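Q: entry-v7.cif (mmCIF, C-alpha atoms and all ligand atoms) pasted underneath:
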data_run
loop_
_atom_site.label_atom_id
_atom_site.label_comp_id
_atom_site.auth_asym_id
_atom_site.auth_seq_id
_atom_site.Cartn_x
_atom_site.Cartn_y
_atom_site.Cartn_z
CA MET A 1 97.31 99.94 74.48
CA SER A 2 97.23 96.40 75.78
CA ARG A 3 95.47 95.50 78.98
CA VAL A 4 98.62 94.84 80.92
CA LYS A 5 100.14 98.11 79.83
CA SER A 6 97.13 100.16 80.79
CA PHE A 7 97.31 98.47 84.18
CA LEU A 8 100.98 99.38 84.51
CA THR A 9 100.32 103.03 83.81
CA GLU A 10 98.20 103.11 86.96
CA LEU A 11 101.06 101.94 89.14
CA ASP A 12 103.46 104.22 90.93
CA ASP A 13 107.19 103.53 90.70
CA TYR A 14 107.20 101.43 93.86
CA GLU A 15 104.35 99.26 92.71
CA LEU A 16 105.97 98.90 89.35
CA ALA A 17 109.18 97.74 91.00
CA PHE A 18 107.34 95.04 92.92
CA PHE A 19 105.50 94.07 89.79
CA ALA A 20 108.77 93.74 87.90
CA LYS A 21 110.39 91.66 90.58
CA PHE A 22 107.57 89.32 91.46
CA LYS A 23 105.09 89.20 88.63
CA LEU A 24 106.85 89.91 85.39
CA LEU A 25 107.85 86.32 84.79
CA THR A 26 104.36 84.99 85.20
CA TYR A 27 103.49 86.52 81.86
CA MET A 28 103.97 85.12 78.40
CA LYS A 29 107.25 85.95 76.70
CA GLU A 30 105.74 88.49 74.35
CA THR A 31 103.98 90.30 77.16
CA GLN A 32 107.19 90.23 79.16
CA SER A 33 109.05 92.11 76.47
CA GLU A 34 106.24 94.61 76.32
CA ILE A 35 106.45 95.09 80.07
CA LYS A 36 110.23 95.43 79.96
CA GLU A 37 109.96 98.10 77.32
CA TYR A 38 107.60 99.95 79.57
CA LEU A 39 110.00 99.59 82.51
CA ILE A 40 112.67 101.25 80.41
CA GLU A 41 110.20 103.97 79.49
CA ARG A 42 109.64 104.60 83.18
CA ASN A 43 113.38 104.59 83.72
CA LEU A 44 113.46 101.52 85.92
CA ASN A 45 116.50 99.29 85.92
CA GLU A 46 117.50 96.42 88.22
CA SER A 47 119.29 98.48 90.82
CA LYS A 48 116.53 101.05 90.91
CA ILE A 49 113.93 98.31 91.27
CA ASP A 50 115.81 96.88 94.25
CA ARG A 51 116.15 100.29 95.81
CA LEU A 52 112.47 101.11 95.39
CA ILE A 53 111.52 97.78 96.95
CA SER A 54 113.69 98.31 100.01
CA GLU A 55 112.60 101.91 100.39
CA ASN A 56 108.88 101.40 99.86
CA PRO A 57 107.35 104.27 101.85
CA LYS A 58 103.96 102.59 101.80
CA SER A 59 105.22 100.14 104.42
CA LYS A 60 104.95 102.95 106.93
CA LEU A 61 101.42 103.86 105.97
CA ASN A 62 98.84 103.27 108.58
CA ASP A 63 95.41 103.64 107.08
CA ASP A 64 92.29 101.58 106.96
CA ARG A 65 92.80 100.22 103.52
CA LYS A 66 93.47 96.61 103.00
CA ARG A 67 96.99 96.30 101.74
CA CYS A 68 99.24 93.58 100.47
CA PRO A 69 101.71 92.60 103.22
CA ARG A 70 104.51 92.28 100.70
CA CYS A 71 104.27 95.39 98.56
CA TYR A 72 101.72 97.39 100.58
CA SER A 73 99.69 98.21 97.52
CA ASP A 74 95.97 98.50 97.92
CA LYS A 75 95.46 97.27 94.38
CA ILE A 76 94.32 93.89 95.49
CA ARG A 77 91.75 91.71 93.87
CA ASN A 78 89.07 90.20 96.00
CA ASP A 79 87.10 87.42 94.41
CA LYS A 80 84.32 85.47 95.97
CA VAL A 81 85.10 81.90 95.25
CA GLU A 82 83.17 78.83 96.03
CA TRP A 83 84.94 77.16 98.87
CA THR A 84 85.98 73.74 97.73
CA ASN A 85 88.59 73.00 100.35
CA THR A 86 86.37 71.18 102.79
CA GLY A 87 89.15 69.06 104.17
CA GLY A 88 87.50 65.83 103.18
CA GLY A 89 84.33 66.70 105.01
CA ILE A 90 80.91 67.02 103.53
CA GLY A 91 81.11 67.84 99.87
CA ILE A 92 79.57 71.00 98.59
CA GLY A 93 76.65 70.21 96.40
CA ASP A 94 74.79 72.31 93.91
CA GLU A 95 72.22 73.12 96.55
CA VAL A 96 74.55 75.58 98.27
CA ALA A 97 75.60 77.38 95.14
CA THR A 98 73.72 80.54 95.97
CA TRP A 99 74.93 83.33 98.17
CA ASP A 100 72.16 85.03 100.03
CA GLY A 101 74.02 87.17 102.49
CA ILE A 102 74.86 86.78 106.13
CA GLY A 103 73.09 83.85 107.63
CA GLY A 104 72.77 82.17 104.29
CA ARG A 105 74.40 78.92 103.46
CA ALA A 106 77.60 80.65 102.64
CA THR A 107 80.19 78.48 101.11
CA TYR A 108 81.86 81.34 99.36
CA LYS A 109 85.12 82.65 100.63
CA ASP A 110 87.38 85.48 99.71
CA GLU A 111 90.22 84.70 97.43
CA VAL A 112 92.48 87.72 97.63
CA ILE A 113 95.39 88.25 95.32
CA CYS A 114 97.62 91.28 95.02
CA ASN A 115 97.36 92.69 91.53
CA VAL A 116 100.77 94.26 91.80
CA CYS A 117 103.10 91.55 93.07
CA GLY A 118 100.90 88.49 92.73
CA ASN A 119 101.00 87.75 96.44
CA TRP A 120 98.15 85.57 97.69
CA LEU A 121 96.58 87.14 100.76
CA GLU A 122 93.78 84.63 101.07
CA ASP A 123 93.83 81.29 99.40
CA PRO A 124 90.83 79.32 100.61
CA ASN A 125 91.17 76.61 98.03
CA GLN A 126 94.96 76.43 98.02
CA GLU A 127 95.10 77.23 94.37
CA LYS A 128 98.23 79.26 94.39
CA PRO A 129 101.00 77.94 92.19
CA LEU A 130 103.34 75.40 93.74
CA PRO A 131 106.78 76.48 94.87
CA THR A 132 108.52 74.30 92.31
CA SER A 133 107.49 76.57 89.46
CA LYS A 134 108.69 79.50 91.54
CA LYS A 135 112.16 78.03 91.62
CA ILE A 136 112.26 77.79 87.87
CA LEU A 137 110.95 81.33 87.52
CA TYR A 138 113.65 82.68 89.79
CA GLY A 139 116.22 80.91 87.66
CA ILE A 140 114.91 82.58 84.54
CA TRP A 141 114.72 85.90 86.31
CA ASP A 142 118.40 85.72 87.23
CA PHE A 143 119.19 84.88 83.68
CA VAL A 144 117.13 87.67 82.19
CA ILE A 145 117.71 90.48 84.60
CA GLY A 146 121.22 89.66 85.74
CA VAL A 147 122.58 89.80 89.23
CA LEU A 148 119.82 91.40 91.23
CA ARG A 149 121.13 90.25 94.55
CA ASN A 150 124.68 91.51 94.10
ZN ZN B 1 101.59 92.94 96.64
#
Can you give me the file's structure in the form of structure tokens?
Ligand SMILES: [Zn+2]
A:
Amino acid sequence: MSRVKSFLTELDDYELAFFAKFKLLTYMKETQSEIKEYLIERNLNESKIDRLISENPKSKLNDDRKRCPRCYSDKIRNDKVEWTNTGGGIGIGDEVATWDGIGGRATYKDEVICNVCGNWLEDPNQEKPLPTSKKILYGIWDFVIGVLRN
């Protein structure tokens, strides 16, 4: 089983729907076909994906877990990244490259990305892909999946 597929098997239907709508097209073509095959296996089609997304019962959950504001999954990835976005201020040199806890010279920030829908919750270095590529992706999505919005 490939890595992406073993990840997909851990998702519930709602998460899978968000994944299909928002993240599928960020994968290579071959992986995309693999994912689509799996969607069929799980009995997910376009209209069902849309329905699951609008229904998403997780949006009503009120627990202490950190959740993605878009898909409400708690499968989010939290990476400590060196903070490079200093706004033209003092550059970060090698001397601050160590993290030694609270009170240390912390120049590491959380970069938080939703593993399910690819939503960026925290983007300290503004690394998230530019909207132009999004536009193209949506175009392809319409072409591949058909008329989702109708
Ligand atoms: Zn999400």
Q: Using only C-alpha atoms and all ligand atoms, which of A:Trp83, A:Tyr72, A:Tyr108, A:Tyr27 sits nearest ligand ZN 1 (chain B)?
A: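 The shortest atom-to-atom distance to ligand ZN 1 (chain B) comes from A:Tyr72.
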Q: For the point (112.9, 101.3, 92.2) in the file's frame, write as a VMD selection string all residues with an atom no more than 7 Å away, counting only C-alpha atoms.
A: chain A and resid 13 to 14 17 44 48 to 53
Q: Would you kindly return, as a ChimeraX atom specification, each protein, DNA or RNA residue with an atom no farther than 12 Å from any atom of range 62-68 of chain A, considering all atoms listed in the file and excluding same-chain residues fewer than 5 positions away?
A: /A:15,18,57,73-78,112-122
Q: From the list A:Lys5, A:Arg42, A:Arg70, A:Lys60, which residue is nearest ligand ZN 1 (chain B) when using all atoms listed in the file?
A: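 Checking each candidate against ligand ZN 1 (chain B), we get A:Arg70 as the closest.
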Q: A:Ala20, A:Met28, A:Val81, A:Ile35: which is nearest ligand ZN 1 (chain B), counting only C-alpha atoms and all ligand atoms?
A: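 Answer, going by the shortest atom-to-atom distance: A:Ala20.
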Q: Report the distance between CA of Asn45 in chain A and CA of Gln32 in chain A in Å, rounded to one decimal place.
A: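 Atom-to-atom, CA of Asn45 in chain A to CA of Gln32 in chain A, that is 14.6 Å.
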Q: When distances are computed from only C-alpha atoms, which of A:Ser2, A:Ser59, A:Asn43, A:Thr107 shows the smallest separation from Thr31 in chain A?
A: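 Closest to Thr31 in chain A of all the choices is A:Ser2.
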Q: Could you check the closest approach to ligand ZN 1 (chain B) for each of A:Arg3, A:Lys58, A:Lys128, A:Lys36 and tell me which residue wins, using all atoms listed in the file?
A: A:Lys58
Q: Which is closest to ligand ZN 1 (chain B) among A:Asn56, A:Ser33, A:Ser47, A:Ser6, if we use all atoms listed in the file?
A: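 Among the listed residues, the smallest separation from ligand ZN 1 (chain B) belongs to A:Asn56.
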Q: Please report the interatomic distance between CA of Ile40 in chain A and CA of Leu24 in chain A in Å with one decimal.
A: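 So the answer is 13.7 Å.
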